[in-house]
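Below: one structure, written as structure tokens.
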Amino acid sequence: MPQGTNSATTGPVSPVVTGVKEQRVTKQRLAVSAALDELDDFVSTQELYRLLQNKGISVSLATAYRILQSLADDGLIDVLRNGEGEAVYRRCTVTGHHHHLLCRNCGKAVEVEAPAVETWAARTAAEHGFTEVAHTVEIFGLCPECTARKAAGKL
């Protein structure tokens, strides 16, 4: 089967130009995208798959993985590794380069810009002769709510 097709998809599909490559808009891709729009925090593929199944939306786990990776490759969603090393995804409100604070307990995410990190990364790369540099900084901890629950002995 050609890449970008799914035997479970019925009816016509329309191409979408994302600036990187043309993507086929399928019912599954629209369902995954809509589910991400409803979420505030990062979600793993398996969590998203369960959410879709609970809503009665038929998307295979393999298809969910492919769609999420495609959306991430096209820069339409953010992907990072959580504290356990699992890839998690989210549609972020900040469109430019940014970083995240992530709660290890509840998964809450806060988008942050960090000019000092950008300066440090550029200077460090230049000092070592590196070019075309990219970086990712994610900070893990407990959010204020989880910190309060922990202090109250409820975590």
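We label chains A, B, ... in the order they appear in the structure tokens, count residues from 1 in each chain, and number ligands from 1 in the order shown.
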
- From a DSSP pass on the backbone, collect the residues of region 43-105 of chain A flagged as strand (DSSP E) and hand them back as a ChimeraX atom specification. /A:43-44,78-81,87-90,99-103

- Item | Test item: residues at most 9 Å from Ile57 (chain A), only C-alpha atoms, excluding those fewer than 6 positions along its chain, as a list in words |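 Non-adjacent residues within range: Gln28, Ala31 and Leu51 of chain A.
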
May I have the selected residues written with C-alpha atoms, as a PDB file, in the first residue's frame?
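Contents of part_36.pdb, freshly written:
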ATOM      1  CA  GLN A  28      -7.819   9.338  11.105  1.00  0.00           C
ATOM      2  CA  ALA A  31      -9.381  12.742  14.450  1.00  0.00           C
ATOM      3  CA  LEU A  51      -8.773   8.609  24.289  1.00  0.00           C
TER       4      LEU A  51
END

- Message: One decimal, in Å: what's the spacing between CA of Gly83 (chain A) and CA of Leu101 (chain A)?
- Response: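 Straight-line distance from CA of Gly83 (chain A) to CA of Leu101 (chain A) works out to 11.6 Å.
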
- Message: At a cut-off of 10 Å, using only C-alpha atoms, what residues contact region 102-108 of chain A? Leave out same-chain residues fewer than 3 positions from it and give the result as a PyMOL selection string.
- Response: chain A and resi 40-43+82-84+88+99+111+138-147+155

- Which residue of A:Val117, A:Gln53, A:Arg123, A:Ser44 approaches Glu86 (chain A) most closely, using only C-alpha atoms: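 Closest candidate: A:Ser44.
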
- Task: Using DSSP on the backbone, list every residue of chain A that comes out as alpha helix (DSSP H), and give them as an NGL selection string.
- Result: :A and (27-38 or 45-54 or 61-73 or 115-127 or 144-151)

- Message: Would you compute the distance between CA of Thr26 (chain A) and CA of Leu39 (chain A)? Give it in Å to one decimal.
- Response: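 A separation of 20.5 Å between them.
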
- Message: Here is a test: counting only C-alpha atoms, which residue of A:His135, A:Arg66, A:Lys27, A:His97 is nearest to Ala121 (chain A)?
- Response: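 Of A:His135, A:Arg66, A:Lys27, A:His97, the one nearest Ala121 (chain A) is A:His135, counting only C-alpha atoms.
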
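By only C-alpha atoms, and with residues fewer than 3 positions from Tyr65 (chain A) along its chain excluded, the set lying at most 12 Å from it is A:Gln28, A:Arg29, A:Val32, A:Val43, A:Ser44, A:Thr45, A:Gln46, A:Glu47, A:Leu48, A:Tyr49, A:Val59, A:Ser60, A:Leu61, A:Ala62, A:Leu68, A:Gln69, A:Ser70, A:Leu71, A:Ala72, A:Val79, A:Ala87, A:Val88, A:Tyr89.
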
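Put simply, CA of Arg91 (chain A) is 23.6 Å away from CA of Val133 (chain A).
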
- Query: Pick from A:Thr124, A:Ser33, A:Thr63, A:His100: nearest to Leu76 (chain A), with only C-alpha atoms counted?
  - Reply: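 That would be A:Ser33, the residue with the smallest distance to Leu76 (chain A).
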